[in-house]
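Data block for work_22.txt (compact mmCIF, C-alpha atoms):
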```
# COMPACT_ATOMS: atom_id res chain seq x y z
CA MET H 22 0.00 0.00 0.00
CA ASN H 23 1.24 3.42 -0.87
CA ALA H 24 -0.07 6.53 0.93
CA THR H 25 1.00 10.08 0.33
CA THR H 26 -0.25 13.37 1.75
CA ARG H 27 0.57 16.69 0.19
CA GLU H 28 -0.33 20.29 0.70
CA LEU H 29 -0.47 22.14 -2.56
CA GLU H 30 -0.63 25.83 -3.20
CA GLN H 31 -1.33 26.78 -6.81
CA ALA H 32 -1.24 30.56 -6.72
CA GLY H 33 -3.26 31.85 -9.64
CA GLY H 34 -4.42 28.37 -10.69
CA ALA H 35 -8.06 27.51 -11.22
CA LYS H 36 -8.08 24.84 -8.54
CA ASN H 37 -6.30 24.93 -5.19
CA VAL H 38 -5.83 21.53 -3.61
CA SER H 39 -5.20 21.86 0.11
CA LEU H 40 -5.15 18.17 1.04
CA TYR H 41 -4.76 15.08 -1.09
CA ILE H 42 -4.33 11.37 -0.43
CA CYS H 43 -3.96 8.60 -3.01
CA LEU H 44 -4.08 4.96 -1.94
CA SER H 45 -3.21 2.28 -4.44
CA PHE H 46 -3.62 -1.23 -3.09
CA PHE H 47 -4.28 -4.89 -3.73
CA PRO H 48 -8.04 -5.42 -3.22
CA ASN H 49 -8.40 -6.99 0.21
CA GLU H 50 -11.47 -6.80 2.44
CA TYR H 51 -9.30 -6.60 5.56
CA LEU H 52 -8.04 -3.19 4.42
CA VAL H 53 -11.47 -1.61 3.98
CA SER H 54 -12.08 -0.46 7.56
CA ALA H 55 -8.55 0.88 7.88
CA ILE H 56 -8.93 2.85 4.66
CA SER H 57 -12.27 4.35 5.63
CA GLN H 58 -10.86 5.24 9.03
CA LEU H 59 -7.98 7.05 7.36
CA VAL H 60 -10.43 8.99 5.18
CA SER H 61 -12.42 9.90 8.27
CA ASN H 62 -9.24 11.13 10.01
CA PHE H 63 -8.33 13.08 6.89
CA CYS H 64 -11.75 14.79 6.83
CA GLN H 65 -11.71 15.51 10.54
CA ILE H 66 -8.25 17.04 10.35
CA GLY H 67 -9.04 19.03 7.21
CA LEU H 68 -12.49 20.27 8.21
CA ARG H 69 -12.97 19.59 11.95
CA ASP H 70 -16.58 18.73 11.21
CA LEU H 71 -17.83 15.44 12.70
CA ASP H 72 -20.96 15.35 10.54
CA ILE H 73 -19.06 15.68 7.24
CA SER H 74 -16.37 13.27 8.44
CA SER H 75 -18.93 10.61 9.30
CA ARG H 76 -20.67 10.95 5.91
CA PHE H 77 -17.35 10.54 4.09
CA HIS H 78 -16.29 7.73 6.40
CA MET H 79 -19.41 5.82 5.31
CA ALA H 80 -18.89 6.73 1.65
CA ALA H 81 -15.23 5.68 1.70
CA HIS H 82 -16.13 2.40 3.38
CA GLU H 83 -18.79 1.54 0.82
CA LEU H 84 -16.61 2.60 -2.11
CA ALA H 85 -13.58 0.68 -0.83
CA GLU H 86 -15.72 -2.42 -0.30
CA ASN H 87 -17.16 -2.00 -3.76
CA ILE H 88 -13.80 -1.91 -5.53
CA THR H 89 -12.51 -4.73 -3.33
CA LYS H 90 -15.45 -6.98 -4.20
CA TYR H 91 -15.72 -6.26 -7.89
CA SER H 92 -12.23 -5.50 -9.16
CA THR H 93 -10.84 -7.97 -11.68
CA ALA H 94 -7.33 -6.50 -11.48
CA SER H 95 -4.69 -6.78 -8.76
CA ARG H 96 -4.61 -3.06 -8.09
CA VAL H 97 -7.32 -0.55 -7.23
CA SER H 98 -7.08 3.06 -6.11
CA LEU H 99 -8.89 5.48 -3.85
CA GLU H 100 -8.16 9.21 -3.76
CA VAL H 101 -9.39 11.88 -1.36
CA GLU H 102 -9.11 15.55 -2.19
CA LEU H 103 -10.00 18.77 -0.43
CA ALA H 104 -9.94 21.59 -2.97
CA GLU H 105 -11.08 25.14 -3.60
CA THR H 106 -12.18 26.61 -6.91
CA GLY H 107 -13.30 30.23 -7.11
CA GLY H 108 -13.98 30.37 -3.38
CA VAL H 109 -16.03 27.15 -3.41
CA HIS H 110 -14.62 24.30 -1.33
CA THR H 111 -15.22 20.66 -2.23
CA LEU H 112 -14.31 17.35 -0.65
CA SER H 113 -14.23 14.34 -2.96
CA VAL H 114 -13.45 10.64 -2.94
CA ARG H 115 -12.62 8.93 -6.21
CA THR H 116 -12.13 5.22 -6.82
CA GLN H 117 -10.85 3.34 -9.84
CA ASN H 118 -11.03 -0.35 -10.61
CA ARG H 119 -11.38 -2.74 -13.50
CA ALA H 120 -14.69 -4.55 -13.75
CA ALA H 121 -15.70 -7.78 -15.46
CA PRO H 122 -16.89 -7.01 -19.02
CA GLU H 123 -20.11 -8.99 -18.53
CA ARG H 124 -21.06 -6.76 -15.59
CA LEU H 125 -20.55 -3.43 -17.35
CA GLU H 126 -23.97 -3.04 -18.96
CA GLU H 127 -25.89 -3.69 -15.76
CA LEU H 128 -23.40 -1.62 -13.78
CA GLU H 129 -23.78 1.39 -16.07
CA LYS H 130 -27.56 1.18 -15.81
CA ARG H 131 -27.40 1.22 -12.01
CA LEU H 132 -24.81 4.00 -11.88
CA GLU H 133 -26.79 6.19 -14.28
CA GLU H 134 -29.92 5.73 -12.19
CA LEU H 135 -28.02 6.70 -9.05
CA LYS H 136 -26.42 9.70 -10.69
CA THR H 137 -29.56 11.15 -12.22
CA THR H 138 -32.24 10.40 -9.65
CA LYS H 139 -34.02 13.45 -8.28
CA ASP H 140 -35.08 11.46 -5.22
CA PRO H 141 -32.13 9.50 -3.82
CA VAL H 142 -33.95 8.75 -0.56
CA GLY H 143 -36.97 7.34 -2.41
CA LEU H 144 -34.67 5.25 -4.61
CA TYR H 145 -32.82 3.91 -1.57
CA ASP H 146 -36.08 3.06 0.20
CA ARG H 147 -37.30 1.16 -2.87
CA MET H 148 -34.01 -0.74 -3.09
CA ILE H 149 -34.30 -1.68 0.59
CA GLU H 150 -37.85 -2.95 0.06
CA GLN H 151 -36.79 -4.97 -2.99
CA SER H 152 -33.78 -6.48 -1.24
CA ALA H 153 -35.61 -7.25 2.03
CA PRO H 154 -36.90 -10.74 1.10
CA LEU H 155 -33.65 -11.71 -0.67
CA GLU H 156 -30.73 -13.49 0.95
CA GLY H 157 -27.15 -12.57 0.12
CA VAL H 158 -25.45 -9.45 -1.23
CA SER H 159 -27.12 -6.20 -0.20
CA GLY H 160 -26.50 -4.09 -3.31
CA LEU H 161 -27.32 -1.05 -1.18
CA GLY H 162 -23.87 0.51 -0.74
CA LEU H 163 -23.79 3.08 -3.52
CA ALA H 164 -27.43 4.08 -3.05
CA ARG H 165 -26.67 4.55 0.63
CA ILE H 166 -23.93 7.05 -0.24
CA ARG H 167 -26.38 9.25 -2.12
CA ALA H 168 -29.39 8.89 0.17
CA GLU H 169 -27.82 8.67 3.59
CA GLY H 170 -24.66 10.63 2.94
CA GLY H 171 -26.43 13.33 0.92
CA LEU H 172 -23.40 13.32 -1.38
CA ASP H 173 -23.18 14.00 -5.11
CA PHE H 174 -22.25 11.08 -7.30
CA ASP H 175 -20.68 10.74 -10.73
CA TYR H 176 -19.03 7.97 -12.70
CA ARG H 177 -17.11 7.20 -15.86
CA ILE H 178 -16.65 3.90 -17.65
CA ASP H 179 -13.73 3.74 -20.04
CA GLY H 180 -13.31 0.24 -21.46
CA ASN H 181 -13.27 -1.96 -18.36
CA GLU H 182 -12.04 0.87 -16.15
CA VAL H 183 -14.71 2.18 -13.76
CA THR H 184 -14.23 5.51 -11.98
CA LEU H 185 -16.66 6.58 -9.26
CA VAL H 186 -16.61 10.06 -7.74
CA VAL H 187 -18.44 11.13 -4.60
CA GLN H 188 -18.26 14.76 -3.55
CA SER H 189 -19.82 17.51 -1.54
CA LEU H 190 -19.48 21.22 -1.08
CA VAL H 191 -17.97 21.90 2.33
CA PRO H 192 -17.38 24.98 4.51
CA LYS H 193 -14.08 26.82 4.23
CA PRO H 194 -11.54 24.61 6.03
CA PRO H 195 -9.79 25.99 9.11
CA PRO H 196 -6.04 26.59 8.71
CA LEU H 197 -3.93 23.44 8.98
CA GLY H 198 -1.31 23.42 11.71
CA PRO H 199 1.78 21.24 12.08
CA ASP H 200 -0.04 19.12 14.68
CA ASP H 201 -2.73 18.22 12.12
CA GLN H 202 -0.15 16.88 9.67
CA ARG H 203 1.49 14.92 12.46
CA HIS H 204 -1.83 13.41 13.59
CA LEU H 205 -2.59 12.23 10.08
CA ALA H 206 0.86 10.73 9.69
CA GLU H 207 0.57 9.04 13.09
CA SER H 208 -2.71 7.39 12.11
CA LEU H 209 -1.01 5.40 9.35
CA PRO H 210 0.83 2.79 11.48
CA ARG H 211 -2.42 1.95 13.32
CA TRP H 212 -3.75 0.30 10.16
CA GLN H 213 -1.29 -2.50 10.61
CA GLU H 214 -2.70 -3.30 14.05
CA GLY H 215 -5.86 -4.68 12.50
CA GLY H 216 -7.52 -1.41 11.58
CA GLU H 217 -9.80 -1.39 14.60
CA LEU H 218 -11.92 1.73 14.61
CA ARG H 219 -10.89 4.24 17.22
CA ARG H 220 -12.41 7.63 17.96
CA MET F 7 -34.86 -14.17 28.96
CA LEU F 8 -32.45 -14.49 26.06
CA THR F 9 -30.54 -17.75 25.96
CA LEU F 10 -28.13 -16.75 23.22
CA SER F 11 -24.38 -16.81 23.52
CA ALA F 12 -22.35 -13.67 22.98
CA ILE F 13 -20.48 -13.38 19.72
CA ARG F 14 -17.14 -11.65 19.48
CA ALA F 15 -15.59 -11.30 16.05
CA ASN F 16 -12.55 -9.22 15.17
CA GLY F 17 -13.42 -5.72 16.41
CA PHE F 18 -17.15 -6.48 16.68
CA ALA F 19 -19.28 -7.93 19.49
CA LEU F 20 -22.92 -8.93 20.09
CA VAL F 21 -23.69 -9.49 23.75
CA PRO F 22 -27.12 -10.42 25.15
CA VAL F 23 -27.83 -8.53 28.38
CA LEU F 24 -29.13 -11.32 30.59
CA ASP F 25 -30.41 -9.32 33.56
CA ALA F 26 -32.36 -6.67 31.60
CA PRO F 27 -36.16 -6.54 32.20
CA THR F 28 -36.70 -6.42 28.42
CA PRO F 29 -34.66 -8.69 26.13
CA THR F 30 -31.64 -6.61 25.18
CA VAL F 31 -28.67 -7.10 22.89
CA LYS F 32 -25.65 -4.86 23.07
CA PHE F 33 -23.68 -4.15 19.89
CA SER F 34 -20.16 -2.79 19.94
CA GLY F 35 -17.22 -2.16 17.66
CA ASN F 36 -17.17 -1.98 13.90
CA GLY F 37 -19.77 -3.75 11.75
CA ASP F 38 -17.75 -4.38 8.62
CA ALA F 39 -17.28 -7.33 6.26
CA GLU F 40 -15.88 -9.52 9.04
CA ALA F 41 -19.05 -9.07 11.11
CA ILE F 42 -21.65 -9.97 8.47
CA ALA F 43 -21.83 -13.75 8.83
CA ALA F 44 -21.89 -13.60 12.63
CA LEU F 45 -24.53 -10.87 12.65
CA ASP F 46 -26.76 -12.64 10.16
CA ARG F 47 -26.62 -15.89 12.14
CA PHE F 48 -27.16 -14.11 15.45
CA LEU F 49 -30.25 -12.21 14.26
CA LYS F 50 -31.87 -15.44 13.01
CA LEU F 51 -31.25 -17.10 16.38
CA LEU F 52 -32.46 -14.00 18.21
CA HIS F 53 -35.72 -14.04 16.22
CA LYS F 54 -36.33 -17.68 17.10
CA ASN F 55 -35.44 -17.05 20.74
CA LEU F 56 -37.87 -14.11 20.97
CA LEU F 57 -40.67 -16.14 19.36
CA ASP F 58 -40.06 -19.10 21.67
CA ASP F 59 -40.10 -16.76 24.65
CA LYS F 60 -43.24 -14.95 23.38
CA SER F 61 -41.45 -11.63 23.85
CA THR F 62 -43.28 -8.50 22.75
CA SER F 63 -40.21 -6.30 22.33
CA VAL F 64 -36.46 -6.37 22.08
CA ARG F 65 -33.93 -3.61 22.71
CA VAL F 66 -30.86 -3.25 20.51
CA ASP F 67 -28.29 -1.10 22.28
CA LEU F 68 -26.04 0.56 19.70
CA ALA F 69 -24.26 2.99 22.03
CA ASP F 70 -20.85 1.47 21.38
CA LEU F 71 -21.31 0.62 17.71
CA TYR F 72 -19.02 2.85 15.67
CA PHE F 73 -20.01 1.87 12.15
CA MET F 74 -22.15 -0.55 10.18
CA ASN F 75 -21.63 -1.27 6.49
CA SER F 76 -24.45 -1.83 4.00
CA SER F 77 -24.23 -5.62 4.25
CA CYS F 78 -24.74 -5.46 8.03
CA LEU F 79 -27.63 -3.05 7.47
CA LYS F 80 -29.04 -5.60 5.04
CA ALA F 81 -29.03 -8.21 7.82
CA PHE F 82 -31.21 -5.81 9.85
CA VAL F 83 -33.43 -5.26 6.78
CA SER F 84 -34.02 -9.02 6.45
CA TRP F 85 -34.74 -9.40 10.16
CA ILE F 86 -37.18 -6.47 10.23
CA TYR F 87 -38.87 -7.71 7.06
CA LYS F 88 -39.36 -11.13 8.62
CA VAL F 89 -40.90 -9.65 11.78
CA ASN F 90 -43.09 -7.29 9.75
CA THR F 91 -44.42 -10.01 7.46
CA THR F 92 -45.06 -12.72 10.05
CA GLY F 93 -47.65 -11.08 12.28
CA ARG F 94 -45.38 -8.53 13.98
CA PRO F 95 -44.94 -10.61 17.13
CA TYR F 96 -42.58 -8.11 18.74
CA GLN F 97 -41.27 -4.57 18.37
CA ILE F 98 -37.61 -3.74 17.77
CA HIS F 99 -36.27 -0.76 19.74
CA LEU F 100 -33.04 0.49 18.18
CA GLN F 101 -31.28 2.56 20.82
CA MET F 102 -29.00 5.08 19.13
CA ASN F 103 -26.05 7.08 20.35
CA PRO F 104 -26.65 10.76 19.43
CA ARG F 105 -22.87 11.27 19.37
CA GLN F 106 -22.64 8.87 16.43
CA PRO F 107 -24.39 10.96 13.77
CA TRP F 108 -24.34 8.14 11.21
CA GLN F 109 -26.69 6.03 13.34
CA ARG F 110 -29.85 8.11 12.86
CA ARG F 111 -29.12 8.54 9.14
CA SER F 112 -28.56 4.78 8.74
CA LEU F 113 -31.47 3.60 10.86
CA GLU F 114 -34.24 5.92 9.70
CA PRO F 115 -34.66 3.92 6.46
CA LEU F 116 -35.27 0.83 8.64
CA LYS F 117 -38.01 2.71 10.48
CA ARG F 118 -39.55 3.70 7.14
CA LEU F 119 -39.43 0.06 6.03
CA ALA F 120 -41.59 -1.09 8.96
CA PRO F 121 -42.87 1.79 11.10
CA ALA F 122 -45.09 -0.52 13.18
CA VAL F 123 -42.12 -2.72 14.09
CA VAL F 124 -39.13 -0.40 14.46
CA CYS F 125 -38.78 2.27 17.16
CA LEU F 126 -35.79 4.61 17.19
CA ASP F 127 -34.74 5.84 20.63
CA ASP F 128 -31.78 7.99 21.64
CA ILE F 129 -29.78 6.82 24.63
CA SER F 130 -29.20 9.26 27.48
CA GLU F 131 -26.48 11.91 27.27
CA ALA F 132 -24.67 10.30 30.22
CA LYS F 133 -24.58 6.92 28.49
CA ALA F 134 -23.44 8.58 25.25
CA GLU F 135 -20.63 10.32 27.10
CA ALA F 136 -19.58 7.05 28.73
CA ALA F 137 -19.55 5.29 25.34
CA THR F 138 -17.48 8.10 23.82
CA ALA F 139 -15.01 7.97 26.69
CA ALA F 140 -14.67 4.20 26.37
CA GLY F 141 -13.99 4.50 22.63
CA ARG F 142 -11.20 7.05 23.02
```
Rewrite the structure from the file as structure tokens, please.
Amino acid sequence: MNATTRELEQAGGAKNVSLYICLSFFPNEYLVSAISQLVSNFCQIGLRDLDISSRFHMAAHELAENITKYSTASRVSLEVELAETGGVHTLSVRTQNRAAPERLEELEKRLEELKTTKDPVGLYDRMIEQSAPLEGVSGLGLARIRAEGGLDFDYRIDGNEVTLVVQSLVPKPPPLGPDDQRHLAESLPRWQEGGELRR
Amino acid sequence: MLTLSAIRANGFALVPVLDAPTPTVKFSGNGDAEAIAALDRFLKLLHKNLLDDKSTSVRVDLADLYFMNSSCLKAFVSWIYKVNTTGRPYQIHLQMNPRQPWQRRSLEPLKRLAPAVVCLDDISEAKAEAATAAGR
């Protein structure tokens, strides 16, 4: 696993990225909780907002599980970015994985429905009702991100490569201090202790 | 009284509270992929236990539960659906920790699925504080 954090200042550029993490890893379900916990720490350090952090913790968990379950390649990636464009601040999580060709048509149909729905809560409730009598895989993860997280959702399919993006407008982040960087760095070794969630 | 055994998976636990006046199960830890099989099995046994005991309600204490993924939520969906479609023999009281903001967002869809079966209750501030302190 490779994790990097960087603070970028692009004076005069269209987009200012204040925090960025990219994780590239072998898909493994045992990493999912550790990854979502790191994203939660990242959000909490960057924004100091428990509500936003918990929404992105959930989104990162569902996205990381999704790419872990469905990737056909030995490497997947998850990026988190806190950026500002023209005074508007956004927090986003982006995942990339390769999917099985026979799944792509059905996948695109589901993703398009999620992206374009005007009523994500109604869609999620319907999916829950439909899944209730069925045993097995929930299929609720991505719908949960939109309905429960209240987050925007977009996707791109390029060949077998699937990119999912979840984002939200966020308040202006408080200034980052040296302690914040240190706390984020210190959270990394805890993954290797089993990734148990700590708050 | 519940006659189930506690289940402790990696970072996740389900513990029946034996001396509670109402059948109560305490959840703690992180409900992720490692918890799904244990949770699914436990909820099926719990349902049978509550029917055998002719219980009219069960309390699910979530004060120390820090996260639940969509597959664990699906296990709750299946349980609630079963109760709702088999004569509603008992009510399910989901006791939430107000300091875990994800819980209300995650559990309200379960209430909408079966409003006559599911009750959402917040635990007391003192209990929430104790759970937060224990999780630090």
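Within 9 Å of H:Ser75, once only C-alpha atoms are used and residues closer than 2 positions along the same chain are dropped, the contacting residues are Ser61, Cys64, Gln65, Asp70, Leu71, Asp72, Ile73, Phe77, His78, Met79, Ala80 and Gly170 of chain H; Gln106, Pro107 and Trp108 of chain F.
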Exercise for the section: For chain F, list the residues within 12 Å of chain H, counting all atoms listed in the file, and write the list as a ChimeraX atom specification. Expected result: /F:15-18,34-43,46,70-91,104-120,137-142
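The environment of F:Met7 within 9 Å, counting only C-alpha atoms and disregarding residues fewer than 5 places along the same chain, consists of Leu24, Asp25, Ala26, Pro27, Thr28, Pro29, Asn55, Leu56, Asp59 and Ser61 of chain F.
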Completion exercise
The distance between atom CA of F:Cys125 and atom CA of F:Gln97 is 7.4 Å
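For the atom pair formed by atom CA of F:Asp127 and atom CA of F:Ser63, the distance is 13.4 Å, given to one decimal.
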